[in-house]
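Visitor: Dumping the structure here so I can ask a few things about it.
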Amino acid sequence: MRVDAGCYNEEVAVLLALSSAVVYGASDFLGGLASRRTSVFGVVALSQLVGLVALLVLLPWLGGPVDAADLGWGVAAGLAGAAGLVVFFRALAGGVMSVVAPVTAVTAAAVPVLVGLASGEEIGTWAGVGIALALVAVVLVSAESGLAALRAARPATLAPALLAGAMFGLFFVLLDRTSADAGLTPLVTARLASVSLVVVLALAGRQSLRVTRSALPLVAVSGVGDMTANALFLLATQADGQLAITGVLASLYPVSTVVLAQVVLRERLVGAQVAGLLAAATAVVLITLPA
């Protein structure tokens, strides 16, 4: 029986993108736990540095030839991701978390979808319905206080949340621009750029970069997890995955975070989050159906 290579590559891309979402969510969960014990800037900077070290260890096997454009896209992606983190943390500090989190998440998911479709990507009917449902799922899963809390949204809160989400989505878009033969090499410049920006902003704002000893294991695992998720997403795009699909699948990471919070911390899920989990599962099934 002859197997269509294009179909096989699409299935691999979907699996890699979903895996990246699971690992992103787990990494965010561990990073969030660490942030309760020590400086947020310290957690971000050290976790990204640990991720860079892990990447350099694997690069001889998973790296590839790059040109200046690939390295440039990597730098741009790293700056976008780091800027998104800083804006997101500021938004959480000055706004309502139940508003900031879902708005940021759905914007991050929508950006690669819009860019992919605007670039001429063609998706099937079922995939289109699945993408729309995935966007709804991201909002529902991220609504820790229920959808009613979104009524507290104000322009002063929405603007930074939208900006943070746009930066996160742009991170996916920029990584997608790297060449298929580059392997994980563009992530080196991405991570160097992000670490540098976080450290500079922390020093400029006189924020502590110190990480307590008790938080170190969480930070280290979170950093390795975040880099692993980046690698999985990049490999998904290099496996001929469509940005509109891989981007929205990778953006389902709040599902993993919420599930871990429920299992490990025994946090109670509100009705909207339960609906979001069901919607996310349905969306994945629809996206993977034949066109």
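Ligands are numbered from 1 in the order shown, chains are lettered A, B, ... in the order of the structure tokens, and residues start at 1 in each chain.
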So that I can check the surroundings of Leu286 in chain A, please list as a list in words every protein, DNA and RNA residue that reaches within 10 Å of it, counting only C-alpha atoms and ignoring chain neighbours fewer than 5 positions away.

Guide: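 Counting only the stated atoms, we get Gly124, Thr125, Trp126, Ala127, Gly128, Val129, Gly130, Ile131, Leu133, Ala134, Ala280, Ala281 and Ala291 of chain A.
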
Visitor: Write the selection just made, keeping N, CA, C and O atoms, as a PDB file, in the first residue's frame?

Guide:
```pdb
ATOM      1  N   GLY A 124      -8.904  22.519   5.051  1.00  0.00           N
ATOM      2  CA  GLY A 124     -10.180  21.892   4.791  1.00  0.00           C
ATOM      3  C   GLY A 124     -11.284  22.439   5.685  1.00  0.00           C
ATOM      4  O   GLY A 124     -11.021  23.170   6.647  1.00  0.00           O
ATOM      5  N   THR A 125     -12.505  22.065   5.369  1.00  0.00           N
ATOM      6  CA  THR A 125     -13.659  22.548   6.136  1.00  0.00           C
ATOM      7  C   THR A 125     -13.594  22.112   7.586  1.00  0.00           C
ATOM      8  O   THR A 125     -13.787  22.916   8.509  1.00  0.00           O
ATOM      9  N   TRP A 126     -13.316  20.813   7.801  1.00  0.00           N
ATOM     10  CA  TRP A 126     -13.245  20.315   9.165  1.00  0.00           C
ATOM     11  C   TRP A 126     -12.126  20.984   9.949  1.00  0.00           C
ATOM     12  O   TRP A 126     -12.289  21.315  11.129  1.00  0.00           O
ATOM     13  N   ALA A 127     -10.976  21.188   9.295  1.00  0.00           N
ATOM     14  CA  ALA A 127      -9.855  21.860   9.965  1.00  0.00           C
ATOM     15  C   ALA A 127     -10.233  23.287  10.334  1.00  0.00           C
ATOM     16  O   ALA A 127      -9.870  23.779  11.408  1.00  0.00           O
ATOM     17  N   GLY A 128     -10.964  23.963   9.444  1.00  0.00           N
ATOM     18  CA  GLY A 128     -11.400  25.323   9.726  1.00  0.00           C
ATOM     19  C   GLY A 128     -12.313  25.392  10.935  1.00  0.00           C
ATOM     20  O   GLY A 128     -12.173  26.270  11.800  1.00  0.00           O
ATOM     21  N   VAL A 129     -13.252  24.454  11.006  1.00  0.00           N
ATOM     22  CA  VAL A 129     -14.146  24.391  12.167  1.00  0.00           C
ATOM     23  C   VAL A 129     -13.346  24.076  13.427  1.00  0.00           C
ATOM     24  O   VAL A 129     -13.581  24.658  14.500  1.00  0.00           O
ATOM     25  N   GLY A 130     -12.382  23.162  13.298  1.00  0.00           N
ATOM     26  CA  GLY A 130     -11.546  22.802  14.441  1.00  0.00           C
ATOM     27  C   GLY A 130     -10.722  23.970  14.947  1.00  0.00           C
ATOM     28  O   GLY A 130     -10.577  24.170  16.162  1.00  0.00           O
ATOM     29  N   ILE A 131     -10.175  24.764  14.034  1.00  0.00           N
ATOM     30  CA  ILE A 131      -9.388  25.936  14.424  1.00  0.00           C
ATOM     31  C   ILE A 131     -10.256  26.935  15.180  1.00  0.00           C
ATOM     32  O   ILE A 131      -9.861  27.472  16.222  1.00  0.00           O
ATOM     33  N   LEU A 133     -12.974  26.306  16.826  1.00  0.00           N
ATOM     34  CA  LEU A 133     -13.320  25.724  18.123  1.00  0.00           C
ATOM     35  C   LEU A 133     -12.128  25.763  19.075  1.00  0.00           C
ATOM     36  O   LEU A 133     -12.296  25.967  20.283  1.00  0.00           O
ATOM     37  N   ALA A 134     -10.923  25.592  18.537  1.00  0.00           N
ATOM     38  CA  ALA A 134      -9.717  25.661  19.367  1.00  0.00           C
ATOM     39  C   ALA A 134      -9.545  27.056  19.963  1.00  0.00           C
ATOM     40  O   ALA A 134      -9.136  27.199  21.124  1.00  0.00           O
ATOM     41  N   ALA A 280     -11.469  21.662  23.366  1.00  0.00           N
ATOM     42  CA  ALA A 280     -10.111  21.451  22.864  1.00  0.00           C
ATOM     43  C   ALA A 280      -9.957  20.052  22.287  1.00  0.00           C
ATOM     44  O   ALA A 280      -9.363  19.868  21.212  1.00  0.00           O
ATOM     45  N   ALA A 281     -10.485  19.052  22.998  1.00  0.00           N
ATOM     46  CA  ALA A 281     -10.398  17.670  22.513  1.00  0.00           C
ATOM     47  C   ALA A 281     -11.146  17.517  21.182  1.00  0.00           C
ATOM     48  O   ALA A 281     -10.652  16.878  20.244  1.00  0.00           O
ATOM     49  N   ALA A 291      -9.404  16.215   4.818  1.00  0.00           N
ATOM     50  CA  ALA A 291     -10.113  17.356   4.229  1.00  0.00           C
ATOM     51  C   ALA A 291     -11.311  16.905   3.428  1.00  0.00           C
ATOM     52  O   ALA A 291     -11.287  15.852   2.796  1.00  0.00           O
TER      53      ALA A 291
END
```

Visitor: Tell me which protein, DNA and RNA residues are within 8 Å of Val115 in chain A, counting only C-alpha atoms, leaving out same-chain ones fewer than 5 positions away, and put them as a list in words.

Guide: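 Listed by chain and then number, they are Val173, Leu243 and Ala244 of chain A.
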
Visitor: Which residue gives the smallest distance to Arg36 in chain A among A:Ser20, A:Gln207, A:Ser214, A:Thr237, with only C-alpha atoms counted?

Guide: A:Ser214

Visitor: CA of Gly64 in chain A and CA of Ala231 in chain A are how many Å apart?

Guide: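 Here the two named atoms are 12.9 Å from each other.
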
Visitor: Please determine, counting only C-alpha atoms, which residue among A:Ala164, A:Ala202, A:Ala275, A:Val66 has the shortest atom-to-atom distance to Val136 in chain A.

Guide: A:Ala275

Visitor: Please identify the alpha helix (DSSP H) residues within range 167-259 of chain A (assignment by DSSP from backbone atoms) and present them as JSON, numbers by chain.

Guide: {"A": [167, 168, 169, 170, 171, 172, 173, 174, 175, 176, 186, 187, 188, 189, 190, 191, 192, 193, 194, 195, 196, 197, 198, 199, 200, 201, 202, 203, 204, 216, 217, 218, 219, 220, 221, 222, 223, 224, 225, 226, 227, 228, 229, 230, 231, 232, 233, 234, 235, 236, 237, 238, 243, 244, 245, 246, 247, 248, 249, 250, 253, 254, 255, 256, 257, 258, 259]}
